[in-house]
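Enquirer: Structure: data-v3.pdb, PDB, C-alpha atoms.
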ATOM      1  CA  MET A   1      90.867  54.204-119.347
ATOM      2  CA  LYS A   2      91.536  53.769-123.033
ATOM      3  CA  VAL A   3      91.473  50.033-123.708
ATOM      4  CA  LEU A   4      92.363  48.065-126.830
ATOM      5  CA  VAL A   5      90.364  44.843-127.188
ATOM      6  CA  THR A   6      91.628  42.477-129.867
ATOM      7  CA  GLY A   7      89.053  39.975-131.077
ATOM      8  CA  ALA A   8      86.298  42.508-130.355
ATOM      9  CA  ALA A   9      83.781  40.663-132.546
ATOM     10  CA  GLY A  10      84.457  37.416-130.711
ATOM     11  CA  PHE A  11      82.419  35.652-128.051
ATOM     12  CA  ILE A  12      84.358  37.008-125.066
ATOM     13  CA  GLY A  13      85.636  40.184-126.730
ATOM     14  CA  SER A  14      82.218  41.599-127.559
ATOM     15  CA  THR A  15      80.852  40.889-124.071
ATOM     16  CA  LEU A  16      83.956  42.411-122.479
ATOM     17  CA  SER A  17      83.696  45.527-124.644
ATOM     18  CA  LEU A  18      80.109  46.113-123.504
ATOM     19  CA  LYS A  19      81.109  45.792-119.833
ATOM     20  CA  LEU A  20      84.034  48.190-120.230
ATOM     21  CA  LEU A  21      81.845  50.732-122.023
ATOM     22  CA  ALA A  22      79.182  50.446-119.321
ATOM     23  CA  ARG A  23      81.670  51.506-116.676
ATOM     24  CA  GLY A  24      82.874  54.475-118.732
ATOM     25  CA  ASP A  25      86.038  53.222-120.425
ATOM     26  CA  GLN A  26      86.957  54.187-123.964
ATOM     27  CA  VAL A  27      87.280  51.034-126.068
ATOM     28  CA  HIS A  28      88.977  50.536-129.406
ATOM     29  CA  GLY A  29      88.232  47.136-130.923
ATOM     30  CA  ILE A  30      89.932  45.234-133.696
ATOM     31  CA  ASP A  31      89.007  41.930-135.357
ATOM     32  CA  ASN A  32      89.785  40.318-138.707
ATOM     33  CA  LEU A  33      86.228  38.903-139.014
ATOM     34  CA  ASN A  34      87.555  35.679-140.554
ATOM     35  CA  ASN A  35      85.317  32.829-141.678
ATOM     36  CA  TYR A  36      86.443  30.187-139.168
ATOM     37  CA  TYR A  37      82.760  30.240-138.204
ATOM     38  CA  ASP A  38      79.631  32.186-139.203
ATOM     39  CA  VAL A  39      80.726  35.769-139.957
ATOM     40  CA  SER A  40      77.155  37.047-139.556
ATOM     41  CA  LEU A  41      77.266  36.035-135.878
ATOM     42  CA  LYS A  42      80.468  38.041-135.439
ATOM     43  CA  GLN A  43      78.853  41.017-137.152
ATOM     44  CA  ALA A  44      75.773  40.712-134.936
ATOM     45  CA  ARG A  45      77.975  40.713-131.829
ATOM     46  CA  LEU A  46      79.850  43.722-133.149
ATOM     47  CA  ALA A  47      76.598  45.562-133.802
ATOM     48  CA  ARG A  48      75.964  45.561-130.045
ATOM     49  CA  THR A  49      79.027  47.745-129.474
ATOM     50  CA  THR A  50      79.341  49.899-132.591
ATOM     51  CA  THR A  51      76.273  51.908-131.575
ATOM     52  CA  GLN A  52      77.795  52.716-128.183
ATOM     53  CA  ARG A  53      79.519  55.951-127.295
ATOM     54  CA  ASN A  54      83.264  55.673-126.701
ATOM     55  CA  PHE A  55      83.625  52.624-128.967
ATOM     56  CA  SER A  56      85.623  52.598-132.179
ATOM     57  CA  PHE A  57      86.403  49.659-134.430
ATOM     58  CA  GLU A  58      88.657  48.746-137.290
ATOM     59  CA  LYS A  59      88.969  45.521-139.238
ATOM     60  CA  LEU A  60      92.530  44.400-138.629
ATOM     61  CA  ASP A  61      94.352  41.086-138.359
ATOM     62  CA  VAL A  62      96.822  40.876-135.475
ATOM     63  CA  ALA A  63      99.158  38.992-137.842
ATOM     64  CA  ASP A  64      99.382  42.124-140.033
ATOM     65  CA  ARG A  65     102.725  43.487-138.870
ATOM     66  CA  GLU A  66     102.499  46.884-140.570
ATOM     67  CA  GLY A  67      98.853  47.360-139.662
ATOM     68  CA  MET A  68      99.471  46.592-135.993
ATOM     69  CA  ALA A  69     102.483  48.912-135.865
ATOM     70  CA  ALA A  70     100.355  51.693-137.364
ATOM     71  CA  LEU A  71      97.595  51.032-134.819
ATOM     72  CA  PHE A  72      99.923  51.436-131.843
ATOM     73  CA  LYS A  73     101.584  54.460-133.418
ATOM     74  CA  LYS A  74      98.215  56.175-133.843
ATOM     75  CA  HIS A  75      96.747  55.311-130.433
ATOM     76  CA  SER A  76      98.029  55.318-126.881
ATOM     77  CA  PHE A  77      96.329  52.585-124.848
ATOM     78  CA  ASP A  78      96.359  52.316-121.071
ATOM     79  CA  VAL A  79      95.455  48.624-121.154
ATOM     80  CA  VAL A  80      95.569  46.081-123.962
ATOM     81  CA  VAL A  81      93.304  43.038-123.627
ATOM     82  CA  HIS A  82      94.434  40.523-126.217
ATOM     83  CA  LEU A  83      91.729  37.962-126.989
ATOM     84  CA  ALA A  84      92.188  37.538-130.753
ATOM     85  CA  ALA A  85      93.444  34.054-131.617
ATOM     86  CA  GLN A  86      92.826  31.066-133.795
ATOM     87  CA  ALA A  87      90.764  28.969-131.412
ATOM     88  CA  GLY A  88      89.886  25.293-131.320
ATOM     89  CA  VAL A  89      91.900  22.228-130.358
ATOM     90  CA  ARG A  90      90.660  19.925-133.127
ATOM     91  CA  TYR A  91      91.059  22.477-135.914
ATOM     92  CA  SER A  92      94.723  22.829-134.963
ATOM     93  CA  LEU A  93      95.246  19.283-136.253
ATOM     94  CA  GLU A  94      93.808  20.300-139.640
ATOM     95  CA  ASN A  95      95.289  23.754-140.159
ATOM     96  CA  PRO A  96      98.392  24.238-138.002
ATOM     97  CA  HIS A  97      99.682  27.246-139.942
ATOM     98  CA  ALA A  98      96.615  29.298-138.945
ATOM     99  CA  TYR A  99      97.706  28.916-135.314
ATOM    100  CA  ILE A 100     101.281  29.984-135.975
ATOM    101  CA  ASP A 101     100.140  33.030-137.964
ATOM    102  CA  SER A 102      97.520  34.245-135.495
ATOM    103  CA  ASN A 103      98.694  32.966-132.122
ATOM    104  CA  ILE A 104     102.461  33.334-132.482
ATOM    105  CA  VAL A 105     103.109  36.010-135.114
ATOM    106  CA  GLY A 106     100.018  37.959-134.048
ATOM    107  CA  PHE A 107     100.996  37.855-130.384
ATOM    108  CA  CYS A 108     104.497  39.079-131.209
ATOM    109  CA  ASN A 109     102.936  42.052-133.001
ATOM    110  CA  VAL A 110     100.832  42.820-129.917
ATOM    111  CA  LEU A 111     103.872  42.601-127.629
ATOM    112  CA  GLU A 112     105.895  44.883-129.881
ATOM    113  CA  GLY A 113     103.037  47.381-130.027
ATOM    114  CA  CYS A 114     102.709  47.408-126.236
ATOM    115  CA  ARG A 115     106.457  47.772-125.829
ATOM    116  CA  HIS A 116     106.904  50.715-128.185
ATOM    117  CA  SER A 117     103.731  52.527-127.106
ATOM    118  CA  LYS A 118     104.539  51.993-123.419
ATOM    119  CA  ALA A 119     101.183  50.390-122.567
ATOM    120  CA  LYS A 120     100.650  50.173-118.814
ATOM    121  CA  HIS A 121      99.329  46.579-118.771
ATOM    122  CA  LEU A 122      98.877  43.718-121.229
ATOM    123  CA  VAL A 123      96.221  41.145-120.316
ATOM    124  CA  PHE A 124      96.071  38.174-122.667
ATOM    125  CA  ALA A 125      94.004  35.029-123.080
ATOM    126  CA  SER A 126      95.766  31.774-122.413
ATOM    127  CA  SER A 127      93.870  28.512-122.009
ATOM    128  CA  SER A 128      93.316  25.546-119.718
ATOM    129  CA  SER A 129      94.645  23.527-122.671
ATOM    130  CA  VAL A 130      98.195  24.388-121.566
ATOM    131  CA  TYR A 131      97.869  21.810-118.774
ATOM    132  CA  GLY A 132      98.025  19.141-121.474
ATOM    133  CA  ALA A 133      99.215  15.823-120.082
ATOM    134  CA  ASN A 134      99.008  17.030-116.449
ATOM    135  CA  THR A 135      96.675  14.813-114.419
ATOM    136  CA  ARG A 136      96.914  16.300-110.913
ATOM    137  CA  LEU A 137      93.621  18.045-110.186
ATOM    138  CA  PRO A 138      92.716  20.775-109.671
ATOM    139  CA  PHE A 139      95.057  22.382-112.191
ATOM    140  CA  SER A 140      97.287  24.941-110.474
ATOM    141  CA  GLU A 141      99.158  27.857-112.061
ATOM    142  CA  HIS A 142     102.095  26.899-109.855
ATOM    143  CA  ASP A 143     102.498  23.524-111.610
ATOM    144  CA  ASN A 144     104.793  22.984-114.573
ATOM    145  CA  VAL A 145     102.992  22.881-117.942
ATOM    146  CA  ASP A 146     105.571  21.622-120.417
ATOM    147  CA  HIS A 147     103.605  18.779-122.017
ATOM    148  CA  PRO A 148     100.909  20.189-124.342
ATOM    149  CA  VAL A 149      98.877  17.654-126.323
ATOM    150  CA  SER A 150      97.727  19.942-129.161
ATOM    151  CA  LEU A 151      99.364  22.658-131.242
ATOM    152  CA  TYR A 152      96.706  25.084-129.986
ATOM    153  CA  ALA A 153      97.851  24.428-126.419
ATOM    154  CA  ALA A 154     101.494  24.786-127.444
ATOM    155  CA  THR A 155     100.813  28.230-128.957
ATOM    156  CA  LYS A 156      99.113  29.362-125.766
ATOM    157  CA  LYS A 157     102.036  28.183-123.641
ATOM    158  CA  ALA A 158     104.325  29.984-126.086
ATOM    159  CA  ASN A 159     102.309  33.175-125.504
ATOM    160  CA  GLU A 160     102.970  32.912-121.776
ATOM    161  CA  LEU A 161     106.702  32.486-122.384
ATOM    162  CA  MET A 162     106.831  35.371-124.859
ATOM    163  CA  ALA A 163     104.953  37.656-122.462
ATOM    164  CA  HIS A 164     107.331  36.792-119.636
ATOM    165  CA  THR A 165     110.289  37.682-121.849
ATOM    166  CA  TYR A 166     108.842  41.141-122.564
ATOM    167  CA  ALA A 167     108.033  41.644-118.886
ATOM    168  CA  HIS A 168     111.635  40.755-118.046
ATOM    169  CA  LEU A 169     113.384  42.716-120.800
ATOM    170  CA  TYR A 170     111.205  45.808-121.050
ATOM    171  CA  GLY A 171     109.289  45.966-117.763
ATOM    172  CA  LEU A 172     105.974  45.480-119.589
ATOM    173  CA  PRO A 173     103.398  44.284-117.003
ATOM    174  CA  CYS A 174     101.776  41.141-118.420
ATOM    175  CA  THR A 175      98.949  39.012-117.045
ATOM    176  CA  GLY A 176      98.000  35.718-118.683
ATOM    177  CA  LEU A 177      94.540  34.280-118.070
ATOM    178  CA  ARG A 178      93.903  30.580-118.515
ATOM    179  CA  PHE A 179      90.242  30.313-119.498
ATOM    180  CA  PHE A 180      88.369  27.083-118.719
ATOM    181  CA  THR A 181      85.655  25.980-121.224
ATOM    182  CA  VAL A 182      83.763  29.236-121.664
ATOM    183  CA  TYR A 183      80.058  29.066-122.549
ATOM    184  CA  GLY A 184      77.023  31.332-122.621
ATOM    185  CA  PRO A 185      74.943  33.642-124.875
ATOM    186  CA  TRP A 186      76.600  34.727-128.137
ATOM    187  CA  GLY A 187      78.937  31.713-127.916
ATOM    188  CA  ARG A 188      80.959  30.051-130.663
ATOM    189  CA  PRO A 189      79.189  27.589-133.008
ATOM    190  CA  ASP A 190      82.185  25.227-132.912
ATOM    191  CA  MET A 191      81.856  24.667-129.154
ATOM    192  CA  ALA A 192      79.976  21.813-127.507
ATOM    193  CA  LEU A 193      76.975  23.678-126.054
ATOM    194  CA  PHE A 194      76.202  25.362-129.366
ATOM    195  CA  LYS A 195      76.545  22.131-131.372
ATOM    196  CA  PHE A 196      74.541  20.140-128.819
ATOM    197  CA  THR A 197      71.704  22.683-128.800
ATOM    198  CA  ARG A 198      71.479  22.815-132.576
ATOM    199  CA  GLY A 199      71.611  19.023-132.889
ATOM    200  CA  ILE A 200      68.965  18.354-130.244
ATOM    201  CA  LEU A 201      66.552  20.919-131.682
ATOM    202  CA  GLU A 202      67.041  19.509-135.188
ATOM    203  CA  GLY A 203      66.685  15.917-133.972
ATOM    204  CA  LYS A 204      70.180  15.017-135.147
ATOM    205  CA  PRO A 205      72.713  12.914-133.222
ATOM    206  CA  ILE A 206      75.179  14.895-131.114
ATOM    207  CA  PRO A 207      78.819  13.741-130.875
ATOM    208  CA  VAL A 208      79.728  12.591-127.365
ATOM    209  CA  PHE A 209      83.441  11.877-127.102
ATOM    210  CA  ASN A 210      85.134   9.303-124.887
ATOM    211  CA  GLY A 211      81.776   7.636-124.385
ATOM    212  CA  GLY A 212      80.698  10.630-122.286
ATOM    213  CA  GLN A 213      83.459   9.994-119.732
ATOM    214  CA  MET A 214      84.595  13.618-119.753
ATOM    215  CA  VAL A 215      84.698  16.254-117.016
ATOM    216  CA  ARG A 216      84.933  19.974-117.704
ATOM    217  CA  ASP A 217      85.182  23.095-115.584
ATOM    218  CA  PHE A 218      82.493  24.929-117.576
ATOM    219  CA  THR A 219      82.776  28.694-116.949
ATOM    220  CA  TYR A 220      80.030  31.192-117.745
ATOM    221  CA  VAL A 221      81.044  34.053-120.021
ATOM    222  CA  ASP A 222      80.029  36.842-117.610
ATOM    223  CA  ASP A 223      82.297  35.319-114.964
ATOM    224  CA  ILE A 224      85.167  35.214-117.452
ATOM    225  CA  VAL A 225      84.607  38.868-118.324
ATOM    226  CA  GLU A 226      84.464  39.888-114.676
ATOM    227  CA  GLY A 227      87.766  38.085-114.133
ATOM    228  CA  VAL A 228      89.324  39.856-117.108
ATOM    229  CA  ILE A 229      88.237  43.266-115.828
ATOM    230  CA  ARG A 230      89.385  42.589-112.262
ATOM    231  CA  THR A 231      92.807  41.451-113.428
ATOM    232  CA  SER A 232      93.190  44.287-115.939
ATOM    233  CA  ASP A 233      92.653  46.716-113.039
ATOM    234  CA  HIS A 234      95.216  44.792-110.967
ATOM    235  CA  THR A 235      98.447  45.500-112.839
ATOM    236  CA  ALA A 236     100.926  42.630-112.704
ATOM    237  CA  GLN A 237     103.702  43.143-110.163
ATOM    238  CA  ALA A 238     107.057  41.472-109.609
ATOM    239  CA  ASN A 239     107.154  38.801-106.909
ATOM    240  CA  PRO A 240     110.052  39.706-104.556
ATOM    241  CA  GLN A 241     110.019  36.157-103.111
ATOM    242  CA  TRP A 242     110.480  34.513-106.510
ATOM    243  CA  SER A 243     113.456  32.147-106.583
ATOM    244  CA  GLY A 244     115.373  30.815-109.543
ATOM    245  CA  GLU A 245     116.235  27.720-107.510
ATOM    246  CA  LYS A 246     112.554  26.845-107.147
ATOM    247  CA  PRO A 247     110.953  28.812-109.993
ATOM    248  CA  ASP A 248     107.225  29.438-109.659
ATOM    249  CA  PRO A 249     105.649  29.320-113.173
ATOM    250  CA  ALA A 250     102.821  31.661-112.109
ATOM    251  CA  THR A 251     104.966  34.605-110.973
ATOM    252  CA  SER A 252     108.366  36.144-111.601
ATOM    253  CA  ARG A 253     110.903  38.755-110.588
ATOM    254  CA  ALA A 254     109.474  40.572-113.612
ATOM    255  CA  PRO A 255     105.978  42.138-113.587
ATOM    256  CA  TYR A 256     104.297  38.967-114.785
ATOM    257  CA  ARG A 257     101.377  36.867-113.523
ATOM    258  CA  VAL A 258      99.283  33.907-114.644
ATOM    259  CA  TYR A 259      95.781  33.125-113.309
ATOM    260  CA  ASN A 260      93.228  30.398-113.872
ATOM    261  CA  ILE A 261      89.715  31.641-114.561
ATOM    262  CA  GLY A 262      87.436  28.650-114.099
ATOM    263  CA  ASN A 263      84.307  27.782-112.188
ATOM    264  CA  ASN A 264      86.225  25.577-109.707
ATOM    265  CA  ARG A 265      83.250  23.216-110.004
ATOM    266  CA  PRO A 266      83.863  20.531-112.658
ATOM    267  CA  VAL A 267      80.798  18.947-114.249
ATOM    268  CA  GLU A 268      80.493  15.556-115.935
ATOM    269  CA  LEU A 269      79.692  15.871-119.626
ATOM    270  CA  MET A 270      76.590  13.691-119.303
ATOM    271  CA  ARG A 271      75.278  15.957-116.545
ATOM    272  CA  TYR A 272      75.884  18.967-118.802
ATOM    273  CA  ILE A 273      73.851  17.296-121.561
ATOM    274  CA  ASN A 274      71.064  16.385-119.110
ATOM    275  CA  VAL A 275      70.742  20.010-117.983
ATOM    276  CA  LEU A 276      70.577  21.115-121.626
ATOM    277  CA  GLU A 277      67.871  18.519-122.349
ATOM    278  CA  ASP A 278      65.826  19.868-119.447
ATOM    279  CA  CYS A 279      66.178  23.459-120.700
ATOM    280  CA  LEU A 280      65.200  22.487-124.249
ATOM    281  CA  GLY A 281      62.437  20.104-123.182
ATOM    282  CA  LYS A 282      63.800  17.513-125.600
ATOM    283  CA  LYS A 283      66.020  14.462-125.309
ATOM    284  CA  ALA A 284      69.303  14.166-127.169
ATOM    285  CA  VAL A 285      70.187  11.441-129.640
ATOM    286  CA  MET A 286      73.810  10.680-128.750
ATOM    287  CA  GLU A 287      76.539   9.309-130.954
ATOM    288  CA  MET A 288      79.160   7.833-128.647
ATOM    289  CA  LEU A 289      82.657   8.385-130.049
ATOM    290  CA  PRO A 290      86.218   7.707-128.868
ATOM    291  CA  MET A 291      88.498  10.334-127.327
ATOM    292  CA  GLN A 292      89.726  12.771-129.948
ATOM    293  CA  PRO A 293      93.424  13.512-130.556
ATOM    294  CA  GLY A 294      94.516  16.555-128.566
ATOM    295  CA  ASP A 295      91.678  16.199-126.055
ATOM    296  CA  VAL A 296      91.983  15.574-122.314
ATOM    297  CA  PRO A 297      89.534  13.667-120.073
ATOM    298  CA  ALA A 298      89.202  16.287-117.324
ATOM    299  CA  THR A 299      89.769  19.959-116.503
ATOM    300  CA  TYR A 300      89.395  21.563-113.084
ATOM    301  CA  ALA A 301      90.646  25.026-112.135
ATOM    302  CA  ASP A 302      92.314  25.970-108.883
ATOM    303  CA  THR A 303      91.180  29.601-108.509
ATOM    304  CA  ALA A 304      92.715  30.359-105.113
ATOM    305  CA  ALA A 305      95.218  32.845-106.556
ATOM    306  CA  LEU A 306      92.551  34.731-108.493
ATOM    307  CA  GLY A 307      90.403  34.982-105.372
ATOM    308  CA  ALA A 308      93.286  36.084-103.166
ATOM    309  CA  ASP A 309      94.650  38.730-105.539
ATOM    310  CA  VAL A 310      91.529  40.290-107.083
ATOM    311  CA  GLY A 311      88.751  39.149-104.749
ATOM    312  CA  PHE A 312      86.756  37.237-107.347
ATOM    313  CA  ARG A 313      86.013  33.633-108.259
ATOM    314  CA  PRO A 314      83.537  32.464-110.932
ATOM    315  CA  ASP A 315      80.499  30.754-109.443
ATOM    316  CA  THR A 316      77.646  30.610-111.974
ATOM    317  CA  PRO A 317      76.179  27.071-111.906
ATOM    318  CA  VAL A 318      75.615  25.314-115.235
ATOM    319  CA  GLU A 319      71.867  25.168-114.553
ATOM    320  CA  VAL A 320      71.760  28.974-114.699
ATOM    321  CA  GLY A 321      74.287  29.443-117.494
ATOM    322  CA  ILE A 322      72.794  26.871-119.849
ATOM    323  CA  ALA A 323      69.274  28.257-119.336
ATOM    324  CA  ARG A 324      70.527  31.724-120.319
ATOM    325  CA  PHE A 325      72.237  30.325-123.400
ATOM    326  CA  VAL A 326      69.106  28.468-124.510
ATOM    327  CA  GLU A 327      67.017  31.615-124.042
ATOM    328  CA  TRP A 328      69.469  33.566-126.210
ATOM    329  CA  TYR A 329      69.704  30.805-128.833
ATOM    330  CA  ARG A 330      65.933  30.570-129.260
ATOM    331  CA  ALA A 331      65.621  34.346-129.589
ATOM    332  CA  TYR A 332      68.590  34.772-131.959
ATOM    333  CA  TYR A 333      67.677  31.897-134.282
ATOM    334  CA  LYS A 334      63.912  32.286-133.771
ATOM    335  CA  VAL A 335      63.332  28.652-132.786
TER     336      VAL A 335
END
Go through the file and emit its structure as structure tokens.

Expert:
Amino acid sequence: MKVLVTGAAGFIGSTLSLKLLARGDQVHGIDNLNNYYDVSLKQARLARTTTQRNFSFEKLDVADREGMAALFKKHSFDVVVHLAAQAGVRYSLENPHAYIDSNIVGFCNVLEGCRHSKAKHLVFASSSSVYGANTRLPFSEHDNVDHPVSLYAATKKANELMAHTYAHLYGLPCTGLRFFTVYGPWGRPDMALFKFTRGILEGKPIPVFNGGQMVRDFTYVDDIVEGVIRTSDHTAQANPQWSGEKPDPATSRAPYRVYNIGNNRPVELMRYINVLEDCLGKKAVMEMLPMQPGDVPATYADTAALGADVGFRPDTPVEVGIARFVEWYRAYYKV
């Protein structure tokens, strides 16, 4: 297949591109290489794919309306995997316009490109953040998610609504994937595991929010990528049993589907830190802080639908995933 991967220099995008290339797909990657975090890390990720056969890349911002239209006019993609976004819950409190530009305007440009080029399937990254104020665990795609607690979460919910509209109006098959706390080698420096590792090795205090009373469904990056590939091969179909009297948020009469991709094995934050300490052979100095605005105390993914439809559920334990991250971190930063 010919696949477009947006955010190809990102944590998930670069790993996904390598997996697609390994199985023989032709991959075209785009990324704006912005400075939200270390650009050299993005370039190093990208260097893993640019030497591969069947990979092409161009620097392009999804919010660039003319540039995106030209991209879809020039290329005909079988599948579009849209991962490019302004990430981060806390940063959305500081710079809200970045989220509107990238996550709303950019997503509209992707939808329009898919529509006019008649792409066969759009797979896009949503987030566990859409569950917002929901407290019933595990989080199910069949539950209503109308109470986001951060602008980042609101933009991701908006993406799901926009995709459904295009599936309904134009018959564009769309699959939204709600990722749960992704971690692993080549990860983002603004995420907890990266910050914790750097702080512990440097002997600096690490920020532990809500006094450590947090639970997360940490999901290893290779499991996320496997879920993306499985769902991209499983084109979204209409649900003939869907009812407007009892509307199921996860399906539709249109070719539209939403899945959780999480480890289905939530881990207490303090346990996560303990495993990291064991892998590093060094104890953390912890700075206990209150809950941050936009944060939630617990996430936990119901992955029954993913397992039933594509035959896959993430299962990498944090002991394995963290050890692999630490091995990569020491090699990459030579520490």

Enquirer: Just the number, please: distance in Å from CA of Leu18 in chain A to CA of Lys2 in chain A, one decimal.

Expert: 13.8 Å

Enquirer: So, counting all atoms listed in the file, which residue among A:Arg216, A:Lys157, A:Lys120, A:Lys204 is closest to His234 in chain A?

Expert: A:Lys120

Enquirer: Using the chain letters and numbers from the file, give me the residues hit by the PyMOL selection byres ((chain A and resi 215) around 8), as a ChimeraX atom specification.

Expert: /A:213-214,216-217,266-269,297-299

Enquirer: So, with all atoms listed in the file as the atoms that count, which of A:Asp31, A:Glu226, A:Glu112, A:Asp38 lies closest to Ala84 in chain A?

Expert: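 Nearest to Ala84 in chain A: A:Asp31.
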
Enquirer: From the options A:Phe55, A:Tyr36, A:Tyr256, A:Tyr300, which residue's atoms come nearest to Thr235 in chain A, counting all atoms listed in the file?

Expert: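 Of A:Phe55, A:Tyr36, A:Tyr256, A:Tyr300, the one nearest Thr235 in chain A is A:Tyr256, counting all atoms listed in the file.
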
Enquirer: At what distance in Å, to one decimal, does CA of Pro207 in chain A lie from CA of Glu287 in chain A?

Expert: 5.0 Å

Enquirer: Calculated over all atoms listed in the file, which of the candidates A:Phe57, A:His75, A:Gly281, A:Glu66 has the smallest distance to Leu201 in chain A?

Expert: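 Between A:Phe57, A:His75, A:Gly281, A:Glu66, the residue approaching Leu201 in chain A most closely is A:Gly281.
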
Enquirer: What's the separation between CA of Ser128 in chain A and CA of Phe209 in chain A, in Å to one decimal place?

Expert: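 Separation between CA of Ser128 in chain A and CA of Phe209 in chain A: 18.4 Å.
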
Enquirer: Set the distance at 8 Å and use all atoms listed in the file: which residues neighbour range 169-182 of chain A once local chain neighbours fewer than 6 positions away are removed? I'd like the list as a VMD selection string.

Expert: chain A and resid 114 to 115 118 to 128 160 163 216 to 221 224 228 231 to 232 235 to 237 254 to 263 299 to 301

Enquirer: Between A:Asn35, A:Thr303, A:Gln292, A:Thr251, which is the closest to Leu93 in chain A once you count only C-alpha atoms?

Expert: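 Of A:Asn35, A:Thr303, A:Gln292, A:Thr251, the one nearest Leu93 in chain A is A:Gln292, counting only C-alpha atoms.
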